[in-house]
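Reviewing the structure listed below.
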Amino acid sequence: MENPSGQQHVLRSGDAVAVVTEVGGGIRSFDIGEVQVLDGFAEDAVCDGARGQSLLPWPNRVADGRWTWEGEQQQLALTEPDKGNAIHGLTRWANWELVELAAGAVHLRFRLHPQPGWPFPIRCDLRYALTDRELTVHTSLENLGPRPAPVAAGAHPYLSAGGGLVDDCVLTVPAASYLPTDDRGIPLDRVPVDGSDHDFRQPRRLGDLKVDAAFGDVEHNPVVRLERPDGQVIELWSGAGYGWIEVFTGDTLAPQRRRRGLGVEPMTAPPNALVTGTDLVVLAPEERLDLSWGVRLA
């Protein structure tokens with residue numbers, strides 16, 4: 001019987017094991033010995049809450065799924081119908097082609113063809129590399145078409161709270177501003193974190209705070225730290241090009257999933273960027289965008 005997430009690509013290095021899926025090219029699990037690093041999903045389950053997925057060719061939401069490029073209005077399918085948004089790109093449920101598999105590494109590829117609301121052919125590559133304490137993700141987007149193409153990228157891992165709730169974890173996010181949102185998750189004006197309950201520049205216990213916001217003005221090559229009650233510390237780093245970090249405490253997930261892991265999402269652009277143009281990368285024909293992020297046990 002076939003798994004809902006397709007073929008399972010198992011990576012091993014020492015006691016570290018990560019599983020990357022054919023569907024979406026996502027991370028289903030990452031454990032080091034008995035320590036759960038990422039809060040993933042079961043082999044016989046459908047991915048929920050965008051868990052471990054790559055968000056291409058844009059992360060987060062597009063209000064009404066409607067945006068304009070070079071004077072042409074585009075209409076994306078409303079994949080978040082209850083809020084009237086398109087969300088998290090176009091590759092999450094696609095079958096990604098296996099290019100190469102080794103003991104501790106896998107290379108997957110997907111060719112995104114033009115479609116309603118997205119008139120650009122883009123080649124997407126994901127390369128995962130596992131060491132004894134870290135999983136690194138290399139993402140590339142290449143414009144295969146004859147005209148400039150705007151792109152953004154993101155990823156949606158959940159850092160495991162270690163079997164309890166994120167309430168008892170201590171969080172550090174090196175970011176000086178954040179984007180409050182309306183009731184549809186569409187961002188309002190950027191505000192400083194200073195003096196707000198979203199200031200995590202110094203380590204702070206999450207408690208019962210509900211967070212689902214994009215953080216901006218991040219440090220160069222930022223590292224988000226989650227200190228767990230069991231003494232384990234998980235770090236998520238993001239490299240050049242990732243200027244935003246979404247943090248999500250999971251309060252809208254199914255009851256048994258809520259606040260069990262912390263969504264920490266490196267993004268190159270904020271929510272609704274196809275509409276606003278904020279931090280979009282415009283690729284010339286045959287130009288490629290290369291990005292890297294990773295998660296590790298500190």
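Ligands are numbered from 1 in the order shown, chains are lettered A, B, ... in the order of the structure tokens, and residues start at 1 in each chain.
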
List every residue of stretch 147-208 of chain A that has an atom at most 9 Å from any atom of stretch 60-67 of chain A, giving for each one its closest atom pair and the distance in Å to one decimal, counting only C-alpha atoms, sorted by chain and then by ascending residue number, as a tab-separated table.
residue	atom	partner	partner_atom	distance
A:Gly154	CA	A:Asn60	CA	8.1
A:Arg184	CA	A:Ala63	CA	8.2
A:Gly185	CA	A:Arg61	CA	7.4
A:Ile186	CA	A:Ala63	CA	6.7

Go ahead and write the residues just picked, N, CA and C atoms, as an mmCIF file, in the first residue's frame.
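Output file result17.cif is given in full below:
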data_model
loop_
_atom_site.group_PDB
_atom_site.id
_atom_site.type_symbol
_atom_site.label_atom_id
_atom_site.label_comp_id
_atom_site.auth_asym_id
_atom_site.auth_seq_id
_atom_site.Cartn_x
_atom_site.Cartn_y
_atom_site.Cartn_z
ATOM 1 N N GLY A 154 10.273 29.738 0.911
ATOM 2 C CA GLY A 154 10.185 29.539 2.350
ATOM 3 C C GLY A 154 10.153 28.063 2.671
ATOM 4 N N ARG A 184 -7.605 37.612 8.383
ATOM 5 C CA ARG A 184 -7.344 36.684 7.274
ATOM 6 C C ARG A 184 -5.880 36.287 7.196
ATOM 7 N N GLY A 185 -5.044 36.790 8.121
ATOM 8 C CA GLY A 185 -3.625 36.500 8.094
ATOM 9 C C GLY A 185 -2.843 37.369 7.133
ATOM 10 N N ILE A 186 -3.451 38.451 6.654
ATOM 11 C CA ILE A 186 -2.773 39.379 5.744
ATOM 12 C C ILE A 186 -2.090 40.463 6.574
#

Residue contacts of stretch 9-21 of chain A (6 Å, only C-alpha atoms) excluding same-chain residues fewer than 4 positions away, as a ChimeraX atom specification:
/A:5,25-33,103-104,131-132

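In this structure, atom CA of A:Glu70 sits 26.7 Å away from atom CA of A:Lys83.
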
Considering only C-alpha atoms, state which residue in the set A:Asn95, A:Gln75, A:Ser54, A:Thr136 is at the smallest distance from A:Ser292.
A:Thr136

Please identify the strand (DSSP E or B) residues within stretch 127-245 of chain A (assignment by DSSP from backbone atoms) and present them as a PyMOL selection string.
chain A and resi 127-130+134-143+149-151+154-155+158-160+170-172+175-179+181+187+191-192+204-205+212-218+223-227+233-238+244-245

Counting only C-alpha atoms, the residue of A:Val233, A:Gly6, A:Pro271, A:Thr139 that sits nearest A:Pro180
A:Pro271

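Considering the residues A:Arg190, A:Arg296, A:Arg51, A:His156 and counting only C-alpha atoms, A:Met267 has its shortest atom-to-atom contact with A:His156.
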
Contacts of A:Leu141 at 6 Å or less, counting only C-alpha atoms, minus same-chain residues fewer than 3 places along, as a ChimeraX atom specification?
/A:123-124,288-289

Would you please work out which residue, of A:Glu219, A:Glu72, A:Asp290, A:Asp39, is nearest to A:Ala152 when using only C-alpha atoms?
A:Asp290

Within 9 Å of A:His220, counting only C-alpha atoms, which residues show up once you throw out same-chain ones fewer than 4 positions away? Write them as a PDB file with N, CA and C atoms, in the first residue's frame, please.
ATOM      1  N   SER A 238      19.343  30.409   9.152  1.00  0.00           N
ATOM      2  CA  SER A 238      19.021  30.674   7.746  1.00  0.00           C
ATOM      3  C   SER A 238      20.092  31.577   7.158  1.00  0.00           C
ATOM      4  N   GLY A 239      20.457  31.282   5.917  1.00  0.00           N
ATOM      5  CA  GLY A 239      21.555  31.979   5.270  1.00  0.00           C
ATOM      6  C   GLY A 239      21.117  33.191   4.470  1.00  0.00           C
ATOM      7  N   ALA A 240      22.016  33.687   3.646  1.00  0.00           N
ATOM      8  CA  ALA A 240      21.779  34.890   2.851  1.00  0.00           C
ATOM      9  C   ALA A 240      20.529  34.720   2.000  1.00  0.00           C
ATOM     10  N   GLY A 243      15.358  36.951   4.604  1.00  0.00           N
ATOM     11  CA  GLY A 243      15.242  38.168   5.405  1.00  0.00           C
ATOM     12  C   GLY A 243      14.076  38.192   6.361  1.00  0.00           C
TER      13      GLY A 243
END

So that I can check the surroundings of A:Trp118, please list as a list in words every protein, DNA and RNA residue that reaches within 10 Å of it, counting only C-alpha atoms and ignoring chain neighbours fewer than 6 positions away.
Pro57, Trp67, Trp69, Gln74, Gln75, Leu76, Gly89, Leu90, Leu112 and Ala149 of chain A

Could you take the residues named above and write them with N, CA and C atoms, as a PDB file, in the first residue's frame?
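Saved file result-v3.pdb follows:
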ATOM      1  N   PRO A  57       6.507  28.709  -5.400  1.00  0.00           N
ATOM      2  CA  PRO A  57       7.468  29.801  -5.533  1.00  0.00           C
ATOM      3  C   PRO A  57       7.103  31.048  -4.727  1.00  0.00           C
ATOM      4  N   TRP A  67      -3.039  38.977  -7.953  1.00  0.00           N
ATOM      5  CA  TRP A  67      -1.879  39.842  -7.994  1.00  0.00           C
ATOM      6  C   TRP A  67      -1.611  40.261  -9.441  1.00  0.00           C
ATOM      7  N   TRP A  69       1.332  41.438 -12.458  1.00  0.00           N
ATOM      8  CA  TRP A  69       2.734  41.470 -12.867  1.00  0.00           C
ATOM      9  C   TRP A  69       2.823  41.995 -14.287  1.00  0.00           C
ATOM     10  N   GLN A  74      -3.274  38.373 -12.384  1.00  0.00           N
ATOM     11  CA  GLN A  74      -3.190  36.930 -12.209  1.00  0.00           C
ATOM     12  C   GLN A  74      -4.158  36.493 -11.106  1.00  0.00           C
ATOM     13  N   GLN A  75      -4.795  35.350 -11.302  1.00  0.00           N
ATOM     14  CA  GLN A  75      -5.722  34.820 -10.299  1.00  0.00           C
ATOM     15  C   GLN A  75      -5.335  33.390  -9.949  1.00  0.00           C
ATOM     16  N   LEU A  76      -4.819  33.221  -8.732  1.00  0.00           N
ATOM     17  CA  LEU A  76      -4.438  31.901  -8.229  1.00  0.00           C
ATOM     18  C   LEU A  76      -5.637  31.202  -7.608  1.00  0.00           C
ATOM     19  N   GLY A  89       2.364  28.590  -1.941  1.00  0.00           N
ATOM     20  CA  GLY A  89       2.943  28.192  -3.211  1.00  0.00           C
ATOM     21  C   GLY A  89       2.212  27.090  -3.949  1.00  0.00           C
ATOM     22  N   LEU A  90       2.951  26.422  -4.851  1.00  0.00           N
ATOM     23  CA  LEU A  90       2.326  25.509  -5.816  1.00  0.00           C
ATOM     24  C   LEU A  90       2.987  24.138  -5.872  1.00  0.00           C
ATOM     25  N   LEU A 112       8.067  23.293 -12.352  1.00  0.00           N
ATOM     26  CA  LEU A 112       6.785  23.980 -12.204  1.00  0.00           C
ATOM     27  C   LEU A 112       6.416  24.621 -13.541  1.00  0.00           C
ATOM     28  N   ALA A 149      10.853  36.631 -14.007  1.00  0.00           N
ATOM     29  CA  ALA A 149       9.895  35.949 -13.136  1.00  0.00           C
ATOM     30  C   ALA A 149      10.137  36.344 -11.680  1.00  0.00           C
TER      31      ALA A 149
END

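Interatomic distance, atom CA of A:Pro229 against atom CA of A:Val170: 8.5 Å.
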
All residues 7 Å or closer to A:Asp279, only C-alpha atoms, same chain fewer than 2 positions away omitted, as JSON, numbers by chain
{"A": [268, 269, 277, 281]}

For the residues in the current selection, export N, CA and C atoms as a PDB file, in the first residue's frame.
ATOM      1  N   THR A 268      12.110  34.316   2.233  1.00  0.00           N
ATOM      2  CA  THR A 268      12.812  35.396   1.538  1.00  0.00           C
ATOM      3  C   THR A 268      11.951  36.647   1.411  1.00  0.00           C
ATOM      4  N   ALA A 269      10.659  36.500   1.591  1.00  0.00           N
ATOM      5  CA  ALA A 269       9.731  37.623   1.458  1.00  0.00           C
ATOM      6  C   ALA A 269       8.603  37.446   2.468  1.00  0.00           C
ATOM      7  N   GLY A 277       4.933  43.299  -3.602  1.00  0.00           N
ATOM      8  CA  GLY A 277       6.259  43.342  -4.212  1.00  0.00           C
ATOM      9  C   GLY A 277       7.403  43.351  -3.223  1.00  0.00           C
ATOM     10  N   VAL A 281      12.280  38.430  -5.422  1.00  0.00           N
ATOM     11  CA  VAL A 281      13.478  38.318  -6.247  1.00  0.00           C
ATOM     12  C   VAL A 281      13.016  38.142  -7.685  1.00  0.00           C
TER      13      VAL A 281
END

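The spacing separating atom CA of A:Leu101 from atom CA of A:Asp125 amounts to 13.6 Å.
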